Amino acid sequence: MKMRILIGLLLSASMLVSEAKATHYEPIDKCWRISHLPSSSKNKPGRAESVQPEYGTTNTWIGALNTRYANMMMPDVNIANVEFQPVGTVLSTAVKHFLDFAEKGDFSPNQVLFKCPAAAAGRIFEMYSTNGDYEWGGRDDREVGTAFGMEHVYASYYKGLGFRLTNLATGEYFSPFWKARPLTGLDRDGNGNILVKAKDFSNVKIELIRIPDESGHGVIYDSFIHSQPFGYLAMRGPGLIAPKPGQNHLTHYEGWYGNWPAVIGLHNSLTMHRGKTCLVNFVTPTVTFLPISVMELAQGSVRRGQFSVSYQCEQGAKRGVGPGEISMFFLTSPEAFATAQDLSLVEAGVATPYLLSENYHAETTAKGVAVTLYDESGTQLRFADPNRYFDRGANPAQMVPGGTQIGENRYIMSFEASLGQVGNGIAITPGQYSSTARVVMRFN
């Protein structure tokens with residue numbers, strides 16, 4: 001009762017100075033879920049749920065029902081014979097942005113999903129887990145990846161097809177045991193209340209991975225028709241019903257579905273095949289270059305090295321870049337590709353002519369130098385983004401596997417690596433160069 005009297009006195013005193021300040025006073029002592037239209041009476045100044053337009057937008061939203069996401073449009077997968085597609089092979093991968101998939105893509109970046117008191121700072125979390133109460137959605141007894149050295153890979157409904165989810169804000173894999181990411185640096189309104197907006201939630205990486213055939217069902221449909229999801233993003237804060245960190249989703253799903261802003265799944269978002277494929281057998285492990293001076297590099301000199309790639313194909317596999325054919329890619333590391341993007345050295349958003357050093361920003365690393373790649377005819381090749389080479393659009397790094405036949409359905413290809421200046425106005429500095437490229441085969 002004393003508290004109420006004190007508040008009344010404060011309001012009265014405030015009105016003597018400015019009536020407008022009184023109408024915007026919004027005392028709240030817990031987090032509120034914000035789901036109403038801008039015209040709603042809940043948005044009237046003085047209401048606990050109100051969000052004034054200068055601080056953010058509001059709209060209605062439903063939450064994490066099974067298929068309440070935009071079509072994920074994953075690159076197709078081909079589930080082939082394990083002799084040519086070893087367990088652990090990444091069959092498809094894609095980065096999905098929260099604003100693109102959550103709530104069927106209807107969230108706007110500045111949309112307020114939760115409003116919390118100023119005192120809640122440090123107690124607001126994004127929670128995430130696999131769909132741990134469904135056998136083929138990330139249940140703990142269906143974790144199969146640890147056995148072949150890839151933790152947190154879970155069996156899907158389909159034989160030979162596993163999945164793994166990564167929270168790109170933390171770098172951690174999803175598991176059936178709830179994990180927490182502190183939400184910090186959040187926007188506030190004029191009274192200091194914390195506004196948790198759609199832009200504050202994490203993006204997710206989805207990987208589809210070849211797993212042993214013992215798990216899942218043998219039938220492969222053209223489309224991934226199961227509606228049960230793979231994972232969730234939830235909200236935790238004072239006053240909200242929410243999951244607790246470390247609890248197993250098998251029996252712990254507090255706040256579902258309304259306090260969970262996003263669900264992750266592949267319902268009708270993936271086409272699957274069982275086609276003939278090819279396998280890389282051998283790649284020259286190391287190419288070493290003789291030292292070269294900054295002056296030589298500036299004058300256009302290069303150092304060259306040779307390497308080879310051998311591969312074999314299943315009987316009946318077709319090599320090419322068309323549908324159902326097998327193509328080849330050289331991939332940079334994610335770090336090297338990100339550096340190429342920063343230096344404006346990327347073509348079509350998915351490929352680069354330059355293999356930059358993985359430690360490019362270190363003081364001891366040479367700047368302005370990179371490796372370029374050439375086939376036997378002298379044609380310069382491209383390196384693909386390791387996160388985008390599955391995309392179905394045109395990719396300058398995609399090539400047709402060729403080479404010399406060295407046995408039944410076995411071939412060897414020769415390449416030249418050239419270390420030289422990047423150009424493009426990038427200054428050359430002395431230092432070391434070291435980088436890694438991978439070669440992969442893809443069923444188109």
# chains A, B, ... in the order shown; residues from 1 in each chain; ligands from 1
$ select_by_dssp --residues "segment 178-347 of chain A" --states "strand (DSSP E)" --output "number ranges by chain"
A: 179-182, 187-188, 194-197, 204-210, 231-236, 262-264, 272-273, 278-283, 303-313, 326-331
$ residues_around --residues "Lys244 of chain A" --least-positions-apart "6" --cutoff "9 Å" --atoms "only C-alpha atoms" --output "list in words"
Met127, Trp178, Lys179, Ala180, Arg236, His252, Tyr253 and Glu254 of chain A
$ write_last_selection --atoms "N, CA and C atoms" --output "short mmCIF file (atom, residue, chain, number, x, y, z; two decimals), in the first residue's frame"
data_model
loop_
_atom_site.label_atom_id
_atom_site.label_comp_id
_atom_site.auth_asym_id
_atom_site.auth_seq_id
_atom_site.Cartn_x
_atom_site.Cartn_y
_atom_site.Cartn_z
N MET A 127 17.06 -18.94 -25.78
CA MET A 127 17.26 -20.36 -25.50
C MET A 127 17.14 -21.13 -26.82
N TRP A 178 18.85 -27.77 -23.39
CA TRP A 178 18.67 -26.36 -23.67
C TRP A 178 19.94 -25.56 -23.38
N LYS A 179 20.31 -24.70 -24.33
CA LYS A 179 21.44 -23.80 -24.15
C LYS A 179 20.93 -22.36 -24.12
N ALA A 180 21.69 -21.49 -23.44
CA ALA A 180 21.27 -20.11 -23.26
C ALA A 180 22.30 -19.16 -23.87
N ARG A 236 13.78 -16.36 -22.74
CA ARG A 236 13.78 -16.50 -21.29
C ARG A 236 14.01 -15.13 -20.65
N HIS A 252 11.11 -31.32 -21.11
CA HIS A 252 11.11 -29.93 -20.65
C HIS A 252 10.93 -29.00 -21.85
N TYR A 253 9.73 -28.48 -21.99
CA TYR A 253 9.43 -27.56 -23.11
C TYR A 253 8.52 -26.44 -22.61
N GLU A 254 8.97 -25.80 -21.54
CA GLU A 254 8.20 -24.72 -20.92
C GLU A 254 8.06 -23.53 -21.88
#
$ atom_distance --atom1 "atom CA of Ser40 of chain A" --atom2 "atom CA of Asp189 of chain A"
18.4 Å
$ closest_residue --among "A:Gln315, A:Thr352, A:Asn259, A:Gln432" --to "Gly63 of chain A" --atoms "only C-alpha atoms"
A:Asn259
$ closest_residue --among "A:Gln299, A:Ser308, A:Thr379, A:Thr284" --to "Tyr411 of chain A" --atoms "only C-alpha atoms"
A:Ser308
$ closest_residue --among "A:Val439, A:Cys31, A:Met328, A:Ala118" --to "Asn193 of chain A" --atoms "only C-alpha atoms"
A:Ala118
$ select_by_dssp --residues "segment 81-186 of chain A" --states "alpha helix (DSSP H)" --output "list in words"
Phe98, Leu99, Asp100 and Phe101 of chain A
$ write_last_selection --atoms "C-alpha atoms" --output "PDB file, in the first residue's frame"
ATOM      1  CA  PHE A  98      16.250 -15.457 -38.436  1.00  0.00           C
ATOM      2  CA  LEU A  99      14.320 -12.655 -40.126  1.00  0.00           C
ATOM      3  CA  ASP A 100      13.939 -14.730 -43.287  1.00  0.00           C
ATOM      4  CA  PHE A 101      12.535 -17.902 -41.759  1.00  0.00           C
TER       5      PHE A 101
END
